[in-house]
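The structure file my_file.cif is reproduced below (mmCIF, C-alpha atoms).
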```cif
data_entry
loop_
_atom_site.group_PDB
_atom_site.id
_atom_site.type_symbol
_atom_site.label_atom_id
_atom_site.label_comp_id
_atom_site.auth_asym_id
_atom_site.auth_seq_id
_atom_site.Cartn_x
_atom_site.Cartn_y
_atom_site.Cartn_z
ATOM 1 C CA GLU A 1 -22.640 -3.622 -23.695
ATOM 2 C CA ALA A 2 -19.395 -5.020 -22.284
ATOM 3 C CA GLY A 3 -17.697 -2.974 -19.615
ATOM 4 C CA VAL A 4 -14.034 -2.148 -19.205
ATOM 5 C CA THR A 5 -12.007 -5.339 -18.964
ATOM 6 C CA GLN A 6 -8.527 -5.816 -17.567
ATOM 7 C CA PHE A 7 -6.054 -8.654 -17.845
ATOM 8 C CA PRO A 8 -4.692 -10.331 -15.836
ATOM 9 C CA SER A 9 -6.794 -10.041 -12.694
ATOM 10 C CA HIS A 10 -3.776 -10.956 -10.564
ATOM 11 C CA SER A 11 -0.055 -11.034 -11.227
ATOM 12 C CA VAL A 12 2.731 -12.096 -8.905
ATOM 13 C CA ILE A 13 6.262 -11.369 -10.079
ATOM 14 C CA GLU A 14 9.697 -11.049 -8.582
ATOM 15 C CA LYS A 15 11.512 -7.784 -8.179
ATOM 16 C CA GLY A 16 13.383 -6.956 -11.360
ATOM 17 C CA GLN A 17 10.996 -8.788 -13.671
ATOM 18 C CA THR A 18 8.744 -7.219 -16.279
ATOM 19 C CA VAL A 19 4.949 -7.213 -16.238
ATOM 20 C CA THR A 20 2.478 -5.968 -18.835
ATOM 21 C CA LEU A 21 -1.081 -5.105 -17.890
ATOM 22 C CA ARG A 22 -3.805 -4.823 -20.471
ATOM 23 C CA CYS A 23 -6.986 -2.774 -20.558
ATOM 24 C CA ASP A 24 -9.820 -3.012 -23.059
ATOM 25 C CA PRO A 25 -12.073 0.050 -22.791
ATOM 26 C CA ILE A 26 -15.748 0.227 -23.599
ATOM 27 C CA SER A 27 -16.159 0.163 -27.368
ATOM 28 C CA GLY A 28 -16.293 3.665 -28.812
ATOM 29 C CA HIS A 29 -14.697 5.355 -25.802
ATOM 30 C CA ASP A 30 -11.873 7.574 -27.012
ATOM 31 C CA ASN A 31 -10.665 8.394 -23.487
ATOM 32 C CA LEU A 32 -8.733 5.823 -21.491
ATOM 33 C CA TYR A 33 -7.238 6.338 -18.040
ATOM 34 C CA TRP A 34 -4.887 4.396 -15.809
ATOM 35 C CA TYR A 35 -5.019 4.710 -12.019
ATOM 36 C CA ARG A 36 -3.465 2.709 -9.220
ATOM 37 C CA ARG A 37 -3.897 2.181 -5.503
ATOM 38 C CA VAL A 38 -0.841 1.150 -3.530
ATOM 39 C CA MET A 39 -1.204 -0.333 -0.050
ATOM 40 C CA GLY A 40 -2.960 1.955 2.389
ATOM 41 C CA LYS A 41 -3.147 4.864 -0.011
ATOM 42 C CA GLU A 42 -5.837 6.453 -2.116
ATOM 43 C CA ILE A 43 -6.400 5.674 -5.804
ATOM 44 C CA LYS A 44 -4.074 7.894 -7.813
ATOM 45 C CA PHE A 45 -4.175 8.975 -11.438
ATOM 46 C CA LEU A 46 -1.370 7.757 -13.708
ATOM 47 C CA LEU A 47 -2.232 8.917 -17.212
ATOM 48 C CA HIS A 48 -4.901 9.735 -19.753
ATOM 49 C CA PHE A 49 -5.101 8.773 -23.426
ATOM 50 C CA VAL A 50 -7.296 10.413 -26.013
ATOM 51 C CA LYS A 51 -7.409 7.829 -28.766
ATOM 52 C CA GLU A 52 -3.737 6.877 -29.223
ATOM 53 C CA SER A 53 -2.282 10.132 -27.867
ATOM 54 C CA LYS A 54 -1.158 10.762 -24.296
ATOM 55 C CA GLN A 55 -3.172 13.739 -23.088
ATOM 56 C CA ASP A 56 -1.822 13.825 -19.535
ATOM 57 C CA GLU A 57 0.891 11.621 -18.100
ATOM 58 C CA SER A 58 1.591 13.714 -15.029
ATOM 59 C CA GLY A 59 0.863 10.840 -12.665
ATOM 60 C CA MET A 60 3.379 8.355 -14.062
ATOM 61 C CA PRO A 61 5.754 7.643 -11.167
ATOM 62 C CA ASN A 62 8.978 7.127 -13.113
ATOM 63 C CA ASN A 63 10.452 5.868 -16.379
ATOM 64 C CA ARG A 64 10.015 2.232 -15.377
ATOM 65 C CA PHE A 65 6.387 2.630 -16.402
ATOM 66 C CA LEU A 66 5.448 2.683 -20.092
ATOM 67 C CA ALA A 67 1.882 3.018 -21.327
ATOM 68 C CA GLU A 68 0.821 2.526 -24.906
ATOM 69 C CA ARG A 69 -2.414 2.610 -26.835
ATOM 70 C CA THR A 70 -1.554 1.729 -30.401
ATOM 71 C CA GLY A 71 -4.508 2.140 -32.738
ATOM 72 C CA GLY A 72 -6.524 3.889 -30.068
ATOM 73 C CA THR A 73 -8.252 0.742 -28.850
ATOM 74 C CA TYR A 74 -6.806 -1.323 -26.010
ATOM 75 C CA SER A 75 -3.959 -0.084 -23.850
ATOM 76 C CA THR A 76 -1.012 -1.733 -22.148
ATOM 77 C CA LEU A 77 0.924 -0.617 -19.098
ATOM 78 C CA LYS A 78 4.366 -2.157 -18.781
ATOM 79 C CA VAL A 79 6.455 -2.040 -15.647
ATOM 80 C CA GLN A 80 10.130 -2.782 -16.249
ATOM 81 C CA PRO A 81 11.912 -3.583 -14.005
ATOM 82 C CA ALA A 82 9.324 -3.999 -11.278
ATOM 83 C CA GLU A 83 10.148 -2.862 -7.740
ATOM 84 C CA LEU A 84 8.512 -3.817 -4.440
ATOM 85 C CA GLU A 85 6.759 -0.438 -4.155
ATOM 86 C CA ASP A 86 4.944 -1.061 -7.455
ATOM 87 C CA SER A 87 2.676 -3.574 -5.711
ATOM 88 C CA GLY A 88 -0.942 -2.491 -5.687
ATOM 89 C CA VAL A 89 -4.121 -2.530 -7.727
ATOM 90 C CA TYR A 90 -4.016 -0.963 -11.171
ATOM 91 C CA PHE A 91 -7.338 0.322 -12.495
ATOM 92 C CA CYS A 92 -8.246 1.283 -16.009
ATOM 93 C CA ALA A 93 -11.200 3.510 -16.841
ATOM 94 C CA SER A 94 -12.731 4.803 -20.040
ATOM 95 C CA SER A 95 -15.099 7.589 -21.012
ATOM 96 C CA GLN A 96 -16.723 8.806 -24.171
ATOM 97 C CA ASP A 97 -15.882 12.484 -23.677
ATOM 98 C CA GLN A 98 -13.369 14.386 -21.585
ATOM 99 C CA GLY A 99 -13.957 16.778 -18.719
ATOM 100 C CA GLY A 100 -16.703 15.721 -16.381
ATOM 101 C CA ASP A 101 -17.933 12.812 -18.466
ATOM 102 C CA GLU A 102 -18.453 9.649 -16.401
ATOM 103 C CA GLN A 103 -15.475 7.336 -16.282
ATOM 104 C CA TYR A 104 -16.269 3.626 -16.167
ATOM 105 C CA PHE A 105 -13.766 1.573 -14.235
ATOM 106 C CA GLY A 106 -12.521 -1.924 -14.852
ATOM 107 C CA PRO A 107 -12.142 -4.473 -12.038
ATOM 108 C CA GLY A 108 -8.428 -3.801 -11.686
ATOM 109 C CA THR A 109 -5.270 -5.877 -11.849
ATOM 110 C CA ARG A 110 -3.721 -6.776 -8.507
ATOM 111 C CA LEU A 111 0.063 -6.702 -8.898
ATOM 112 C CA THR A 112 2.273 -8.222 -6.243
ATOM 113 C CA VAL A 113 6.035 -7.772 -6.523
ATOM 114 C CA THR A 114 8.018 -10.067 -4.219
ATOM 115 C CA THR B 1 -0.226 15.240 1.328
ATOM 116 C CA GLN B 2 -3.759 14.101 0.632
ATOM 117 C CA LEU B 3 -6.003 16.553 -1.214
ATOM 118 C CA LEU B 4 -9.252 14.915 -0.123
ATOM 119 C CA GLU B 5 -9.653 13.734 3.457
ATOM 120 C CA GLN B 6 -12.490 11.375 4.243
ATOM 121 C CA SER B 7 -13.856 10.641 7.685
ATOM 122 C CA PRO B 8 -14.399 8.303 9.249
ATOM 123 C CA GLN B 9 -12.061 5.748 7.657
ATOM 124 C CA PHE B 10 -14.086 2.856 9.057
ATOM 125 C CA LEU B 11 -17.667 2.714 10.238
ATOM 126 C CA SER B 12 -19.608 -0.254 11.546
ATOM 127 C CA ILE B 13 -23.226 0.305 12.495
ATOM 128 C CA GLN B 14 -26.409 -1.635 13.044
ATOM 129 C CA GLU B 15 -28.984 -2.073 10.309
ATOM 130 C CA GLY B 16 -31.579 0.679 10.444
ATOM 131 C CA GLU B 17 -29.254 3.364 11.813
ATOM 132 C CA ASN B 18 -28.346 6.567 10.002
ATOM 133 C CA LEU B 19 -24.814 7.638 9.138
ATOM 134 C CA THR B 20 -22.867 10.459 7.555
ATOM 135 C CA VAL B 21 -19.520 10.312 5.783
ATOM 136 C CA TYR B 22 -17.513 13.479 5.260
ATOM 137 C CA CYS B 23 -15.105 14.547 2.546
ATOM 138 C CA ASN B 24 -12.996 17.660 3.074
ATOM 139 C CA SER B 25 -10.390 19.501 1.064
ATOM 140 C CA SER B 26 -8.480 22.759 1.052
ATOM 141 C CA SER B 27 -8.924 22.871 -2.734
ATOM 142 C CA VAL B 28 -11.897 24.149 -4.691
ATOM 143 C CA PHE B 29 -13.162 21.593 -7.184
ATOM 144 C CA SER B 30 -15.370 22.159 -10.207
ATOM 145 C CA SER B 31 -17.301 19.044 -9.225
ATOM 146 C CA LEU B 32 -17.265 16.334 -6.604
ATOM 147 C CA GLN B 33 -18.220 12.724 -7.087
ATOM 148 C CA TRP B 34 -19.063 9.811 -4.825
ATOM 149 C CA TYR B 35 -18.217 6.243 -5.787
ATOM 150 C CA ARG B 36 -18.908 2.892 -4.232
ATOM 151 C CA GLN B 37 -16.458 0.035 -4.623
ATOM 152 C CA GLU B 38 -17.045 -3.622 -3.839
ATOM 153 C CA PRO B 39 -14.304 -6.257 -3.430
ATOM 154 C CA GLY B 40 -12.770 -7.344 -6.735
ATOM 155 C CA GLU B 41 -14.438 -4.565 -8.669
ATOM 156 C CA GLY B 42 -13.631 -1.039 -9.739
ATOM 157 C CA PRO B 43 -15.300 2.071 -8.330
ATOM 158 C CA VAL B 44 -18.838 2.718 -9.569
ATOM 159 C CA LEU B 45 -20.102 6.286 -9.797
ATOM 160 C CA LEU B 46 -23.062 7.102 -7.540
ATOM 161 C CA VAL B 47 -23.448 10.836 -8.061
ATOM 162 C CA THR B 48 -21.784 14.012 -9.305
ATOM 163 C CA VAL B 49 -22.424 17.360 -7.609
ATOM 164 C CA VAL B 50 -21.466 20.522 -9.434
ATOM 165 C CA THR B 51 -23.029 23.567 -7.808
ATOM 166 C CA GLY B 52 -22.003 24.857 -4.356
ATOM 167 C CA GLY B 53 -24.726 23.970 -1.857
ATOM 168 C CA GLU B 54 -26.236 21.388 -4.183
ATOM 169 C CA VAL B 55 -28.104 18.475 -2.638
ATOM 170 C CA LYS B 56 -28.858 15.264 -4.528
ATOM 171 C CA LYS B 57 -30.841 12.270 -3.349
ATOM 172 C CA LEU B 58 -30.524 8.696 -4.515
ATOM 173 C CA LYS B 59 -33.146 6.632 -2.655
ATOM 174 C CA ARG B 60 -31.828 6.517 0.942
ATOM 175 C CA LEU B 61 -28.598 8.320 0.087
ATOM 176 C CA THR B 62 -28.314 12.117 0.286
ATOM 177 C CA PHE B 63 -25.271 13.893 -1.119
ATOM 178 C CA GLN B 64 -24.384 17.507 -0.410
ATOM 179 C CA PHE B 65 -21.737 19.761 -1.944
ATOM 180 C CA GLY B 66 -20.422 22.483 0.355
ATOM 181 C CA ASP B 67 -21.139 26.116 -0.477
ATOM 182 C CA ALA B 68 -17.448 26.784 -1.112
ATOM 183 C CA ARG B 69 -17.129 23.608 -3.232
ATOM 184 C CA LYS B 70 -14.368 22.243 -1.028
ATOM 185 C CA ASP B 71 -16.284 19.619 0.893
ATOM 186 C CA SER B 72 -19.088 17.132 0.578
ATOM 187 C CA SER B 73 -21.086 14.729 2.699
ATOM 188 C CA LEU B 74 -22.918 11.485 2.123
ATOM 189 C CA HIS B 75 -25.801 10.661 4.443
ATOM 190 C CA ILE B 76 -27.435 7.237 4.469
ATOM 191 C CA THR B 77 -30.813 6.840 6.121
ATOM 192 C CA ALA B 78 -31.883 3.512 7.608
ATOM 193 C CA ALA B 79 -28.740 1.672 6.515
ATOM 194 C CA GLN B 80 -29.118 -1.859 5.178
ATOM 195 C CA PRO B 81 -26.570 -4.694 4.896
ATOM 196 C CA GLY B 82 -26.544 -4.123 1.124
ATOM 197 C CA ASP B 83 -25.004 -0.690 1.747
ATOM 198 C CA THR B 84 -21.802 -2.357 2.957
ATOM 199 C CA GLY B 85 -18.790 -1.365 0.871
ATOM 200 C CA LEU B 86 -16.036 1.176 0.311
ATOM 201 C CA TYR B 87 -17.277 4.703 -0.359
ATOM 202 C CA LEU B 88 -14.936 7.080 -2.154
ATOM 203 C CA CYS B 89 -15.268 10.780 -2.679
ATOM 204 C CA ALA B 90 -13.457 12.278 -5.644
ATOM 205 C CA GLY B 91 -12.849 15.738 -7.021
ATOM 206 C CA LEU B 92 -12.431 17.051 -10.519
ATOM 207 C CA TYR B 93 -10.972 20.304 -11.793
ATOM 208 C CA SER B 94 -12.483 21.913 -14.871
ATOM 209 C CA SER B 95 -9.048 22.102 -16.517
ATOM 210 C CA ALA B 96 -8.347 18.365 -16.381
ATOM 211 C CA SER B 97 -10.059 15.026 -16.769
ATOM 212 C CA LYS B 98 -8.196 13.150 -14.049
ATOM 213 C CA ILE B 99 -10.079 12.203 -10.904
ATOM 214 C CA ILE B 100 -8.596 13.009 -7.490
ATOM 215 C CA PHE B 101 -9.744 10.346 -5.035
ATOM 216 C CA GLY B 102 -10.109 10.474 -1.286
ATOM 217 C CA SER B 103 -8.820 7.640 0.875
ATOM 218 C CA GLY B 104 -12.235 6.081 1.291
ATOM 219 C CA THR B 105 -14.625 5.095 4.059
ATOM 220 C CA ARG B 106 -15.161 1.407 4.651
ATOM 221 C CA LEU B 107 -18.746 0.912 5.754
ATOM 222 C CA SER B 108 -20.075 -2.235 7.376
ATOM 223 C CA ILE B 109 -23.752 -2.657 8.210
ATOM 224 C CA ARG B 110 -24.543 -5.390 10.728
ATOM 225 C CA PRO B 111 -27.893 -7.207 10.326
#
```

Let me see the file written as structure tokens.
Amino acid sequence: EAGVTQFPSHSVIEKGQTVTLRCDPISGHDNLYWYRRVMGKEIKFLLHFVKESKQDESGMPNNRFLAERTGGTYSTLKVQPAELEDSGVYFCASSQDQGGDEQYFGPGTRLTVT
Amino acid sequence: TQLLEQSPQFLSIQEGENLTVYCNSSSVFSSLQWYRQEPGEGPVLLVTVVTGGEVKKLKRLTFQFGDARKDSSLHITAAQPGDTGLYLCAGLYSSASKIIFGSGTRLSIRP
């Protein structure tokens, strides 16, 4: 069974540009999560989808971030316009059920904003 | 303000030694998890502890959940170079699915 995949693995963009990150969850997993780790900090929750609906978006830092999951399969996270402080590693995770069900993490996308 | 404090942040020991990593919080969690992360990969779940005072063993790794469900420890016996990596503790509340991560402990085992 394929794990959670993320694309791209690395992205380097200039401040003010737009970047879109993609996450493909494990097939059949209704729950999809986005997390990120910025330099020197802990991994922090961004948001949680159940199928195509946003269950919890309390961790989204501001309105420059837009997450979508049309059709309840893969998800995209767009940053527009990117700022220097958005640099970090963005992780996606998926789980079959909510609550304490195990979340499986992808390898992450390393975003560098220059 | 960090909800979960891990100590130490870095630890370098000789192969064969024992070590303990601590995870402390002022919050009560419904469960606590430990993850291991290797370079270029996402965190991988090692264990989930749910009951206060619970102890779980995974080969040479022993995990304990504090009685008050605010803290946890990870003890590794006879560390091996393959144990090298970033160890993360994480807490979950029963009312939400999001994981609250600690800052991590970077462990290096010298042959």

> Got a sec to resolve the PyMOL selection byres ((chain A) within 6 of (chain B)) on this structure and send the residues as JSON, numbers by chain?
Replying inline: {"A": [42, 43, 98, 99, 105, 106, 107]}

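Residues with any atom within 6 Å of range 66-76 of chain B, counting only C-alpha atoms and excluding same-chain neighbours fewer than 4 positions away, are Asn18, Leu19, Thr20, Val21, Tyr22, Cys23, Asn24, Ser25, Ser27, Val28, Phe29, Gly52, Gly53, Arg60, Leu61 and Thr62 of chain B.
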
> What is the CA of Ser7 in chain B-CA of Tyr35 in chain A distance in Å, reported with one decimal?
Replying inline: 22.4 Å

Given the PyMOL selection byres ((chain A and resi 88) around 12), the residues it picks as a PDB file with C-alpha atoms, keeping the file's coordinate frame:
```pdb
ATOM      1  CA  SER A   9      -6.794 -10.041 -12.694  1.00  0.00           C
ATOM      2  CA  HIS A  10      -3.776 -10.956 -10.564  1.00  0.00           C
ATOM      3  CA  SER A  11      -0.055 -11.034 -11.227  1.00  0.00           C
ATOM      4  CA  VAL A  12       2.731 -12.096  -8.905  1.00  0.00           C
ATOM      5  CA  TYR A  35      -5.019   4.710 -12.019  1.00  0.00           C
ATOM      6  CA  ARG A  36      -3.465   2.709  -9.220  1.00  0.00           C
ATOM      7  CA  ARG A  37      -3.897   2.181  -5.503  1.00  0.00           C
ATOM      8  CA  VAL A  38      -0.841   1.150  -3.530  1.00  0.00           C
ATOM      9  CA  MET A  39      -1.204  -0.333  -0.050  1.00  0.00           C
ATOM     10  CA  GLY A  40      -2.960   1.955   2.389  1.00  0.00           C
ATOM     11  CA  LYS A  41      -3.147   4.864  -0.011  1.00  0.00           C
ATOM     12  CA  GLU A  42      -5.837   6.453  -2.116  1.00  0.00           C
ATOM     13  CA  ILE A  43      -6.400   5.674  -5.804  1.00  0.00           C
ATOM     14  CA  LYS A  44      -4.074   7.894  -7.813  1.00  0.00           C
ATOM     15  CA  ALA A  82       9.324  -3.999 -11.278  1.00  0.00           C
ATOM     16  CA  GLU A  83      10.148  -2.862  -7.740  1.00  0.00           C
ATOM     17  CA  LEU A  84       8.512  -3.817  -4.440  1.00  0.00           C
ATOM     18  CA  GLU A  85       6.759  -0.438  -4.155  1.00  0.00           C
ATOM     19  CA  ASP A  86       4.944  -1.061  -7.455  1.00  0.00           C
ATOM     20  CA  SER A  87       2.676  -3.574  -5.711  1.00  0.00           C
ATOM     21  CA  VAL A  89      -4.121  -2.530  -7.727  1.00  0.00           C
ATOM     22  CA  TYR A  90      -4.016  -0.963 -11.171  1.00  0.00           C
ATOM     23  CA  PHE A  91      -7.338   0.322 -12.495  1.00  0.00           C
ATOM     24  CA  GLY A 108      -8.428  -3.801 -11.686  1.00  0.00           C
ATOM     25  CA  THR A 109      -5.270  -5.877 -11.849  1.00  0.00           C
ATOM     26  CA  ARG A 110      -3.721  -6.776  -8.507  1.00  0.00           C
ATOM     27  CA  LEU A 111       0.063  -6.702  -8.898  1.00  0.00           C
ATOM     28  CA  THR A 112       2.273  -8.222  -6.243  1.00  0.00           C
ATOM     29  CA  VAL A 113       6.035  -7.772  -6.523  1.00  0.00           C
ATOM     30  CA  THR A 114       8.018 -10.067  -4.219  1.00  0.00           C
TER      31      THR A 114
END
```

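Nearest to Gln14 in chain B of all the residues B:Leu86, B:Thr105, B:Pro111, B:Glu54 is B:Pro111, counting all atoms listed in the file.
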
Take the PyMOL selection byres ((chain A and resi 45-52) around 6), run it mentally on this structure, and tell me the resulting residues as a compact mmCIF listing (two decimals) with C-alpha atoms, in the frame of the given file.
```txt
# COMPACT_ATOMS: atom_id res chain seq x y z
CA ASP A 30 -11.87 7.57 -27.01
CA ASN A 31 -10.66 8.39 -23.49
CA LEU A 32 -8.73 5.82 -21.49
CA TYR A 33 -7.24 6.34 -18.04
CA TRP A 34 -4.89 4.40 -15.81
CA TYR A 35 -5.02 4.71 -12.02
CA LYS A 44 -4.07 7.89 -7.81
CA SER A 53 -2.28 10.13 -27.87
CA LYS A 54 -1.16 10.76 -24.30
CA GLN A 55 -3.17 13.74 -23.09
CA ASP A 56 -1.82 13.82 -19.54
CA GLU A 57 0.89 11.62 -18.10
CA GLY A 59 0.86 10.84 -12.66
CA MET A 60 3.38 8.36 -14.06
CA ARG A 69 -2.41 2.61 -26.84
CA THR A 70 -1.55 1.73 -30.40
CA GLY A 71 -4.51 2.14 -32.74
CA GLY A 72 -6.52 3.89 -30.07
```

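Our summary of the geometry notes that CA of Val49 in chain B is positioned 22.4 Å from CA of Thr84 in chain B.
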
> Quick one, how far is CA of Ala93 in chain A from CA of Gln6 in chain B?
Replying inline: 22.5 Å

> Which residue out of A:Glu68, A:Glu14, A:Asp97, A:Glu102 has the minimum interatomic distance to Gly28 in chain A when only C-alpha atoms are used?
Replying inline: A:Asp97

> Hey, what's within 8 Å of Val19 in chain A if we count all atoms listed in the file and toss same-chain stuff fewer than 4 positions away? As a VMD selection string, please?
Replying inline: chain A and resid 13 78 to 80 82
